[in-house]
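S.K.: So here's query_6.pdb (PDB, C-alpha atoms).
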```pdb
ATOM      1  CA  MET Z   1      26.661 -20.916   7.436
ATOM      2  CA  SER Z   2      23.861 -23.387   7.874
ATOM      3  CA  ILE Z   3      20.428 -22.939   9.368
ATOM      4  CA  ASP Z   4      19.682 -24.934  12.491
ATOM      5  CA  LEU Z   5      16.250 -26.370  11.761
ATOM      6  CA  HIS Z   6      15.789 -27.868  15.207
ATOM      7  CA  GLY Z   7      16.995 -25.251  17.651
ATOM      8  CA  PRO Z   8      14.964 -22.280  18.859
ATOM      9  CA  GLY Z   9      16.602 -19.812  16.435
ATOM     10  CA  LEU Z  10      13.932 -20.098  13.753
ATOM     11  CA  TRP Z  11      11.205 -19.840  16.363
ATOM     12  CA  TYR Z  12      12.702 -16.574  17.645
ATOM     13  CA  ALA Z  13      12.892 -15.288  14.085
ATOM     14  CA  THR Z  14       9.253 -16.232  13.454
ATOM     15  CA  ARG Z  15       8.126 -14.313  16.526
ATOM     16  CA  ALA Z  16      10.273 -11.276  15.755
ATOM     17  CA  THR Z  17       9.275 -11.017  12.106
ATOM     18  CA  GLY Z  18       5.638 -11.583  13.060
ATOM     19  CA  LEU Z  19       5.741  -8.633  15.433
ATOM     20  CA  VAL Z  20       7.547  -6.419  12.925
ATOM     21  CA  SER Z  21       5.021  -7.443  10.264
ATOM     22  CA  MET Z  22       2.206  -6.355  12.570
ATOM     23  CA  LEU Z  23       3.855  -2.971  13.091
ATOM     24  CA  LEU Z  24       4.541  -2.503   9.376
ATOM     25  CA  LEU Z  25       1.054  -3.608   8.333
ATOM     26  CA  THR Z  26      -0.397  -1.184  10.852
ATOM     27  CA  GLY Z  27       1.858   1.552   9.452
ATOM     28  CA  SER Z  28       0.675   0.718   5.952
ATOM     29  CA  VAL Z  29      -2.968   0.994   7.045
ATOM     30  CA  LEU Z  30      -2.291   4.269   8.882
ATOM     31  CA  PHE Z  31      -0.587   5.892   5.885
ATOM     32  CA  GLY Z  32      -3.274   4.504   3.575
ATOM     33  CA  LEU Z  33      -5.942   6.134   5.720
ATOM     34  CA  LEU Z  34      -3.973   9.397   5.671
ATOM     35  CA  VAL Z  35      -3.779   9.291   1.846
ATOM     36  CA  ALA Z  36      -7.508   8.636   1.568
ATOM     37  CA  GLY Z  37      -8.275  11.406   4.075
ATOM     38  CA  ARG Z  38      -5.905  13.778   2.244
ATOM     39  CA  PHE Z  39      -3.691  14.578   5.172
ATOM     40  CA  SER Z  40      -1.110  17.262   4.471
ATOM     41  CA  SER Z  41       0.688  20.022   6.263
ATOM     42  CA  ALA Z  42       3.351  22.597   5.485
ATOM     43  CA  ARG Z  43       6.043  20.136   6.530
ATOM     44  CA  TRP Z  44       4.491  16.939   5.211
ATOM     45  CA  PRO Z  45       3.493  16.879   1.528
ATOM     46  CA  ARG Z  46       0.906  14.394   0.315
ATOM     47  CA  PHE Z  47       3.209  12.461  -2.001
ATOM     48  CA  LEU Z  48       5.275  11.584   1.064
ATOM     49  CA  THR Z  49       2.246  10.002   2.758
ATOM     50  CA  GLN Z  50       1.583   7.958  -0.352
ATOM     51  CA  GLY Z  51       5.253   7.041  -0.761
ATOM     52  CA  MET Z  52       5.341   5.795   2.841
ATOM     53  CA  HIS Z  53       2.159   3.786   2.240
ATOM     54  CA  ARG Z  54       3.616   2.116  -0.843
ATOM     55  CA  SER Z  55       7.094   1.477   0.568
ATOM     56  CA  ILE Z  56       5.859   0.130   3.892
ATOM     57  CA  SER Z  57       3.397  -2.145   2.108
ATOM     58  CA  LEU Z  58       6.243  -3.709   0.137
ATOM     59  CA  MET Z  59       8.272  -4.051   3.352
ATOM     60  CA  VAL Z  60       5.321  -5.964   4.825
ATOM     61  CA  LEU Z  61       5.728  -8.529   2.036
ATOM     62  CA  ALA Z  62       9.451  -8.853   2.730
ATOM     63  CA  PHE Z  63       8.932  -9.429   6.448
ATOM     64  CA  LEU Z  64       6.059 -11.839   5.833
ATOM     65  CA  ALA Z  65       8.338 -13.839   3.540
ATOM     66  CA  LEU Z  66      10.775 -14.162   6.467
ATOM     67  CA  HIS Z  67       7.939 -14.822   8.930
ATOM     68  CA  ILE Z  68       6.558 -17.631   6.765
ATOM     69  CA  GLY Z  69       9.937 -18.976   5.696
ATOM     70  CA  THR Z  70      11.167 -19.388   9.261
ATOM     71  CA  THR Z  71       7.847 -20.933  10.323
ATOM     72  CA  VAL Z  72       7.891 -23.508   7.534
ATOM     73  CA  LEU Z  73      11.583 -24.367   8.033
ATOM     74  CA  ASP Z  74      11.202 -24.825  11.792
ATOM     75  CA  SER Z  75      10.954 -28.552  12.374
ATOM     76  CA  TYR Z  76       9.330 -28.180  15.814
ATOM     77  CA  THR Z  77       5.896 -27.764  14.260
ATOM     78  CA  SER Z  78       4.930 -29.255  10.923
ATOM     79  CA  ILE Z  79       3.485 -26.285   9.097
ATOM     80  CA  SER Z  80       3.727 -26.675   5.337
ATOM     81  CA  LEU Z  81       4.278 -23.831   2.907
ATOM     82  CA  ALA Z  82       0.764 -24.483   1.598
ATOM     83  CA  ALA Z  83      -0.650 -23.729   5.059
ATOM     84  CA  ALA Z  84       0.680 -20.185   4.745
ATOM     85  CA  PHE Z  85      -1.691 -19.625   1.829
ATOM     86  CA  VAL Z  86      -4.497 -22.148   2.237
ATOM     87  CA  PRO Z  87      -6.738 -22.005   5.336
ATOM     88  CA  PHE Z  88      -6.973 -25.242   7.334
ATOM     89  CA  ALA Z  89      -4.136 -26.887   5.398
ATOM     90  CA  SER Z  90      -2.370 -27.537   8.713
ATOM     91  CA  SER Z  91      -3.775 -28.997  11.905
ATOM     92  CA  TYR Z  92      -1.521 -26.885  14.166
ATOM     93  CA  LYS Z  93      -3.836 -24.290  15.808
ATOM     94  CA  ALA Z  94      -5.771 -24.455  12.553
ATOM     95  CA  GLY Z  95      -8.172 -21.583  13.236
ATOM     96  CA  TRP Z  96      -5.570 -18.998  14.216
ATOM     97  CA  LEU Z  97      -3.108 -20.142  11.550
ATOM     98  CA  SER Z  98      -5.868 -19.896   8.933
ATOM     99  CA  LEU Z  99      -6.449 -16.263   9.879
ATOM    100  CA  GLY Z 100      -2.814 -15.643   8.985
ATOM    101  CA  ALA Z 101      -3.269 -17.433   5.659
ATOM    102  CA  VAL Z 102      -6.351 -15.350   4.870
ATOM    103  CA  ALA Z 103      -4.534 -12.133   5.793
ATOM    104  CA  LEU Z 104      -1.561 -13.131   3.616
ATOM    105  CA  ASP Z 105      -3.805 -13.913   0.641
ATOM    106  CA  LEU Z 106      -5.529 -10.556   1.054
ATOM    107  CA  ILE Z 107      -2.195  -8.710   1.332
ATOM    108  CA  ILE Z 108      -0.913 -10.369  -1.849
ATOM    109  CA  ALA Z 109      -4.167  -9.484  -3.629
ATOM    110  CA  LEU Z 110      -3.903  -5.877  -2.414
ATOM    111  CA  VAL Z 111      -0.291  -5.492  -3.523
ATOM    112  CA  VAL Z 112      -0.743  -7.177  -6.919
ATOM    113  CA  THR Z 113      -3.863  -5.188  -7.777
ATOM    114  CA  SER Z 114      -2.099  -1.995  -6.707
ATOM    115  CA  LEU Z 115       0.915  -2.722  -8.890
ATOM    116  CA  LEU Z 116      -1.509  -3.327 -11.790
ATOM    117  CA  ARG Z 117      -3.668  -0.327 -10.870
ATOM    118  CA  GLY Z 118      -3.106   1.314 -14.240
ATOM    119  CA  ARG Z 119      -4.445  -1.736 -16.071
ATOM    120  CA  LEU Z 120      -7.334  -2.372 -13.690
ATOM    121  CA  GLY Z 121      -8.704   1.127 -13.777
ATOM    122  CA  TYR Z 122      -9.400   3.301 -10.783
ATOM    123  CA  ARG Z 123     -12.893   2.093  -9.862
ATOM    124  CA  ALA Z 124     -12.061  -1.620  -9.821
ATOM    125  CA  TRP Z 125      -8.832  -0.987  -7.920
ATOM    126  CA  ARG Z 126     -10.561   1.216  -5.362
ATOM    127  CA  ARG Z 127     -13.242  -1.399  -4.665
ATOM    128  CA  LEU Z 128     -10.655  -4.136  -4.279
ATOM    129  CA  HIS Z 129      -8.579  -1.930  -2.010
ATOM    130  CA  TRP Z 130     -11.416  -1.844   0.533
ATOM    131  CA  LEU Z 131     -10.264  -5.388   1.333
ATOM    132  CA  ALA Z 132      -7.496  -3.721   3.341
ATOM    133  CA  TYR Z 133     -10.051  -2.963   6.028
ATOM    134  CA  ALA Z 134     -10.791  -6.697   6.260
ATOM    135  CA  CYS Z 135      -7.161  -7.762   6.011
ATOM    136  CA  TRP Z 136      -5.722  -5.767   8.907
ATOM    137  CA  PRO Z 137      -8.105  -6.981  11.679
ATOM    138  CA  VAL Z 138      -7.678 -10.574  10.483
ATOM    139  CA  ALA Z 139      -3.895 -10.212  10.700
ATOM    140  CA  ILE Z 140      -4.125  -8.685  14.193
ATOM    141  CA  ALA Z 141      -6.422 -11.506  15.313
ATOM    142  CA  HIS Z 142      -3.898 -14.044  13.955
ATOM    143  CA  GLY Z 143      -1.189 -12.497  16.136
ATOM    144  CA  LEU Z 144      -3.411 -12.291  19.204
ATOM    145  CA  GLY Z 145      -4.492 -15.877  18.816
ATOM    146  CA  ILE Z 146      -1.333 -17.735  17.824
ATOM    147  CA  GLY Z 147       1.512 -15.400  18.774
ATOM    148  CA  THR Z 148       3.902 -16.977  21.261
ATOM    149  CA  ASP Z 149       4.288 -13.594  22.959
ATOM    150  CA  ARG Z 150       0.606 -12.684  22.939
ATOM    151  CA  SER Z 151       0.450 -12.537  26.746
ATOM    152  CA  VAL Z 152       3.701 -10.577  27.219
ATOM    153  CA  THR Z 153       2.870  -7.155  28.608
ATOM    154  CA  TRP Z 154       4.791  -5.033  26.124
ATOM    155  CA  VAL Z 155       3.484  -7.057  23.170
ATOM    156  CA  ILE Z 156      -0.063  -6.471  24.400
ATOM    157  CA  ALA Z 157       0.787  -2.771  24.786
ATOM    158  CA  VAL Z 158       2.156  -2.602  21.216
ATOM    159  CA  THR Z 159      -0.906  -4.411  19.863
ATOM    160  CA  LEU Z 160      -3.231  -2.064  21.730
ATOM    161  CA  ALA Z 161      -1.249   0.906  20.390
ATOM    162  CA  CYS Z 162      -1.751  -0.454  16.850
ATOM    163  CA  LEU Z 163      -5.485  -0.857  17.459
ATOM    164  CA  GLY Z 164      -5.744   2.590  19.004
ATOM    165  CA  GLY Z 165      -3.714   4.226  16.252
ATOM    166  CA  VAL Z 166      -5.775   2.747  13.432
ATOM    167  CA  GLY Z 167      -8.991   3.486  15.361
ATOM    168  CA  ALA Z 168      -8.030   7.122  15.850
ATOM    169  CA  VAL Z 169      -6.855   7.710  12.278
ATOM    170  CA  ALA Z 170      -9.888   5.852  10.880
ATOM    171  CA  ALA Z 171     -12.138   8.139  12.928
ATOM    172  CA  TRP Z 172     -10.236  11.196  11.646
ATOM    173  CA  ARG Z 173     -10.565   9.895   8.088
ATOM    174  CA  VAL Z 174     -14.352   9.422   8.435
ATOM    175  CA  LEU Z 175     -14.754  12.865  10.003
ATOM    176  CA  SER Z 176     -12.510  14.594   7.444
ATOM    177  CA  PHE Z 177     -14.445  12.924   4.666
ATOM    178  CA  GLY Z 178     -17.691  14.177   6.140
ATOM    179  CA  ALA Z 179     -16.329  17.722   6.319
ATOM    180  CA  GLN Z 180     -15.521  17.899   2.609
TER     181      GLN Z 180
ATOM    182  CA  MET E   1       5.459  13.132 -23.982
ATOM    183  CA  ARG E   2       2.144  14.825 -23.457
ATOM    184  CA  LEU E   3       0.241  15.356 -20.200
ATOM    185  CA  ARG E   4      -3.505  15.273 -19.889
ATOM    186  CA  VAL E   5      -5.863  15.571 -16.939
ATOM    187  CA  ASN E   6      -9.117  13.639 -16.944
ATOM    188  CA  PRO E   7     -11.329  16.278 -15.311
ATOM    189  CA  ILE E   8     -14.038  13.724 -14.463
ATOM    190  CA  ALA E   9     -11.639  11.442 -12.602
ATOM    191  CA  CYS E  10      -9.640  14.187 -10.878
ATOM    192  CA  THR E  11     -10.673  14.780  -7.271
ATOM    193  CA  GLY E  12      -8.026  17.344  -6.445
ATOM    194  CA  HIS E  13      -5.622  15.452  -4.226
ATOM    195  CA  GLY E  14      -2.914  17.749  -5.567
ATOM    196  CA  MET E  15      -0.016  15.313  -5.574
ATOM    197  CA  CYS E  16       0.769  16.100  -9.213
ATOM    198  CA  ALA E  17       1.514  19.727  -8.356
ATOM    199  CA  GLU E  18       3.847  18.591  -5.578
ATOM    200  CA  LEU E  19       5.722  16.224  -7.880
ATOM    201  CA  LEU E  20       5.746  18.310 -11.077
ATOM    202  CA  PRO E  21       5.608  21.964 -10.006
ATOM    203  CA  GLU E  22       7.435  22.939 -13.228
ATOM    204  CA  LEU E  23       4.300  22.227 -15.250
ATOM    205  CA  ILE E  24       1.409  21.894 -12.817
ATOM    206  CA  THR E  25      -0.096  24.429 -10.424
ATOM    207  CA  LEU E  26      -3.348  24.166  -8.506
ATOM    208  CA  ASP E  27      -6.381  26.376  -8.920
ATOM    209  CA  PRO E  28      -8.034  27.831  -5.789
ATOM    210  CA  TRP E  29     -10.094  24.646  -5.419
ATOM    211  CA  GLY E  30      -7.063  22.388  -5.581
ATOM    212  CA  TYR E  31      -7.493  21.163  -9.145
ATOM    213  CA  PRO E  32      -4.487  21.074 -11.498
ATOM    214  CA  LEU E  33      -3.700  23.666 -14.116
ATOM    215  CA  LEU E  34      -1.168  22.637 -16.765
ATOM    216  CA  ALA E  35       1.293  25.307 -17.871
ATOM    217  CA  SER E  36       1.901  23.199 -20.966
ATOM    218  CA  GLU E  37       0.670  19.832 -22.163
ATOM    219  CA  MET E  38       3.993  19.130 -23.780
ATOM    220  CA  VAL E  39       6.558  17.701 -21.401
ATOM    221  CA  PRO E  40      10.204  18.576 -22.090
ATOM    222  CA  GLN E  41      12.423  15.507 -22.240
ATOM    223  CA  ALA E  42      14.224  16.585 -19.067
ATOM    224  CA  LEU E  43      10.967  16.413 -17.098
ATOM    225  CA  ALA E  44       9.657  13.155 -18.582
ATOM    226  CA  GLY E  45      10.679  11.080 -15.565
ATOM    227  CA  HIS E  46       9.049  13.487 -13.150
ATOM    228  CA  ALA E  47       5.899  13.579 -15.265
ATOM    229  CA  ARG E  48       5.702   9.797 -15.295
ATOM    230  CA  ARG E  49       6.146   9.732 -11.533
ATOM    231  CA  ALA E  50       3.412  12.340 -11.061
ATOM    232  CA  ALA E  51       1.042  10.321 -13.270
ATOM    233  CA  ASP E  52       1.863   7.162 -11.328
ATOM    234  CA  ALA E  53       1.226   8.936  -8.024
ATOM    235  CA  CYS E  54      -2.206  10.266  -8.976
ATOM    236  CA  PRO E  55      -4.577   8.614  -6.484
ATOM    237  CA  THR E  56      -7.439   8.510  -9.002
ATOM    238  CA  LEU E  57      -5.346   7.844 -12.144
ATOM    239  CA  ALA E  58      -6.621  11.143 -13.541
ATOM    240  CA  LEU E  59      -3.238  12.374 -14.765
ATOM    241  CA  LEU E  60      -2.146  10.719 -17.985
ATOM    242  CA  ALA E  61       1.409  10.852 -19.295
ATOM    243  CA  ASP E  62       1.133   9.860 -22.920
ATOM    244  CA  ASP E  63       4.429   8.463 -24.153
ATOM    245  CA  SER E  64       3.252   7.826 -27.681
ATOM    246  CA  PHE E  65       3.147  11.546 -28.284
ATOM    247  CA  VAL E  66       6.476  12.714 -29.636
ATOM    248  CA  ALA E  67       7.077  16.372 -30.322
ATOM    249  CA  GLY E  68       8.637  17.501 -33.569
ATOM    250  CA  PRO E  69       8.181  15.396 -36.703
ATOM    251  CA  GLY E  70       5.722  13.156 -34.873
ATOM    252  CA  VAL E  71       3.282  15.943 -33.983
ATOM    253  CA  ARG E  72       0.782  14.847 -36.603
ATOM    254  CA  HIS E  73       0.688  11.383 -35.075
ATOM    255  CA  GLY E  74       0.014  12.946 -31.696
ATOM    256  CA  ARG E  75      -2.896  14.969 -33.001
ATOM    257  CA  ARG E  76      -4.451  11.893 -34.478
ATOM    258  CA  HIS E  77      -3.919  10.089 -31.170
ATOM    259  CA  ALA E  78      -5.799  12.832 -29.343
ATOM    260  CA  GLY E  79      -8.761  12.259 -31.653
TER     261      GLY E  79
END
```
Translate this structure into structure tokens?
M.R.:
Amino acid sequence: MSIDLHGPGLWYATRATGLVSMLLLTGSVLFGLLVAGRFSSARWPRFLTQGMHRSISLMVLAFLALHIGTTVLDSYTSISLAAAFVPFASSYKAGWLSLGAVALDLIIALVVTSLLRGRLGYRAWRRLHWLAYACWPVAIAHGLGIGTDRSVTWVIAVTLACLGGVGAVAAWRVLSFGAQ
Amino acid sequence: MRLRVNPIACTGHGMCAELLPELITLDPWGYPLLASEMVPQALAGHARRAADACPTLALLADDSFVAGPGVRHGRRHAG
């Protein structure tokens, strides 16, 4: 089996994996907020919330690898692998693409520091992990700005649901923190 | 293996008691109480997982502590 570098297949894959990445990243943020706010119930133990946060975060990396791989391989636009990591390394919609690069760099930093949490120490890790609150909006903005399907109704609905979900859980987290 | 809780770092998330109920229960305020610091070999994996899950890294699973002939080494390690 060979990959058609010129047809629309890669472009479809880029769009699909981009959307799934948005959903997964939002899920990661939601479960992260629930861990920090100490959500638990009789049917949902806390270690499950944390396990979901960790597993989904790693899935984000897997889908971003596909998202970036298909984008770079697609010959329709010339986006280099470097442009996935370095802002303004490509001239194609440079601003919106750079937001994706920044979000990716932040995600990699968040995952690596979390995997090395034991060596970093809790305080340093916790401070670095606040970057997640910067990473997620940047990633959403990247999708809203450069996404091929950004003006499709159901994609807008899904994006709004992500924004609303994180907004609601963030508000709960702030309120639950205040109550303690 | 020996378990220790850093009482300064612990903020009472309570995940350790969910993951290692054989050795850890929670006091009325949600802070862990260890039934025993010594972890039986059969529970070592669970203890390591509980330590890894601790959101504030307050639960320490000390592998260098070996029960039996190595007890003296462990005491010295504890300072």
S.K.: Mind dumping a table of every chain E residue within 9 Å of chain Z, with the nearest atom pair and its distance in Å to one decimal, using all atoms listed in the file, sorted by chain and rising number, as CSV?
M.R.:
```
residue,atom,partner,partner_atom,distance
E:Ala9,CA,Z:Tyr122,CA,8.6
E:His13,CA,Z:Arg38,CA,6.7
E:Gly14,CA,Z:Arg46,CA,7.8
E:Met15,CA,Z:Phe47,CA,5.6
E:Cys16,CA,Z:Phe47,CA,8.4
E:Glu18,CA,Z:Phe47,CA,7.1
E:Leu19,CA,Z:Phe47,CA,7.4
E:Asp52,CA,Z:Gly118,CA,8.2
E:Ala53,CA,Z:Phe47,CA,7.3
E:Pro55,CA,Z:Tyr122,CA,8.4
E:Thr56,CA,Z:Tyr122,CA,5.8
E:Leu57,CA,Z:Tyr122,CA,6.2
E:Ala58,CA,Z:Tyr122,CA,8.8
```
S.K.: Translate the PyMOL selection byres ((chain E and resi 29) around 12) into a concrete residue list for this structure, as a PyMOL selection string.
M.R.: (chain Z and resi 180) or (chain E and resi 10-14+25-28+30-33)
S.K.: Selection in question (the file shown): the PyMOL selection byres ((chain E and resi 63) around 7). Which residues does it include, as an MDAnalysis selection string?
M.R.: chainID E and resid 1:2 61:62 64:65
S.K.: With a cut-off of 12 Å, could you pull out the residues of region 62-146 of chain Z touching region 164-170 of chain Z and give me the nearest pair of atoms for each, distance in Å to one decimal, using only C-alpha atoms, ordered by chain and ascending number, as CSV?
M.R.:
```
residue,atom,partner,partner_atom,distance
Z:Tyr133,CA,Z:Ala170,CA,10.1
Z:Trp136,CA,Z:Val166,CA,9.6
Z:Pro137,CA,Z:Val166,CA,10.2
Z:Ile140,CA,Z:Val166,CA,11.6
```
S.K.: Suppose a student applies the PyMOL selection byres ((chain E and resi 34) around 6) to this structure; what residues should they get, written as a list of chain:residue names?
M.R.: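 So the PyMOL selection byres ((chain E and resi 34) around 6) ends up selecting E:Leu23, E:Ile24, E:Leu33, E:Ala35, E:Ser36.
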S.K.: Any idea what the distance is between CA of Ala44 (chain E) and CA of Met52 (chain Z)?
M.R.: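 Taking CA of Ala44 (chain E) as the start and CA of Met52 (chain Z) as the end point, the length is 23.1 Å.
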S.K.: Taking 6 positions as the minimum chain separation for residues in the same chain, which residues sit within 10 Å of Ile107 (chain Z) when counting only C-alpha atoms? Answer as a ChimeraX atom specification.
M.R.: /Z:25,57-58,60-61,64,101,113,129,131-132,135-136,139
S.K.: In Å, with one decimal, what is the gap from CA of Arg54 (chain Z) to CA of Arg48 (chain E)?
M.R.: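 Separation of CA of Arg54 (chain Z) and CA of Arg48 (chain E): 16.5 Å.
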S.K.: Tell me, as a list in words, which residues lie within 9 Å of region 86-93 of chain Z, counting only C-alpha atoms; anything in the same chain fewer than 4 positions away does not count.
M.R.: Thr77, Ser78, Ile79, Ser80, Leu81, Ala82, Leu97, Ser98, Leu99, Gly100, Ala101, Val102, Asp105, Gly145 and Ile146 of chain Z
S.K.: Counting all atoms listed in the file, what is within 10 Å of region 8-12 of chain Z, bar same-chain residues fewer than 6 positions away, as a count of residues only?
M.R.: 13
S.K.: At what distance in Å, to one decimal, does CA of Asp4 (chain Z) lie from CA of Ile156 (chain Z)?
M.R.: 29.5 Å
S.K.: Find the residues around Val158 (chain Z) up to 12 Å (only C-alpha atoms counted), leave out those fewer than 5 positions away in its own chain, and share them as a list of chain:residue names.
M.R.: Z:Leu19, Z:Val20, Z:Met22, Z:Leu23, Z:Thr26, Z:Ile140, Z:Gly143, Z:Leu144, Z:Asp149, Z:Arg150, Z:Ser151, Z:Val152, Z:Thr153, Z:Leu163, Z:Gly164, Z:Gly165
S.K.: Could you name the residues that touch Leu60 (chain E) at 7 Å or less, counting all atoms listed in the file, but leaving out those on the same chain fewer than 5 positions away, as a list in words?
M.R.: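 Contacts, with the query itself left out: Leu3, Arg4, Val5 and Ala51 of chain E.
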S.K.: Given the choices Z:Ala134, Z:Ala109, Z:Leu34, Z:Ala62, which gets closest to Phe85 (chain Z) if the distance is worked out from all atoms listed in the file?
M.R.: Z:Ala109
S.K.: Using all atoms listed in the file, can you tell me which of Z:Leu128, Z:Ala16, Z:Val155, Z:Ala161 comes closest to Ile108 (chain Z)?
M.R.: Z:Leu128
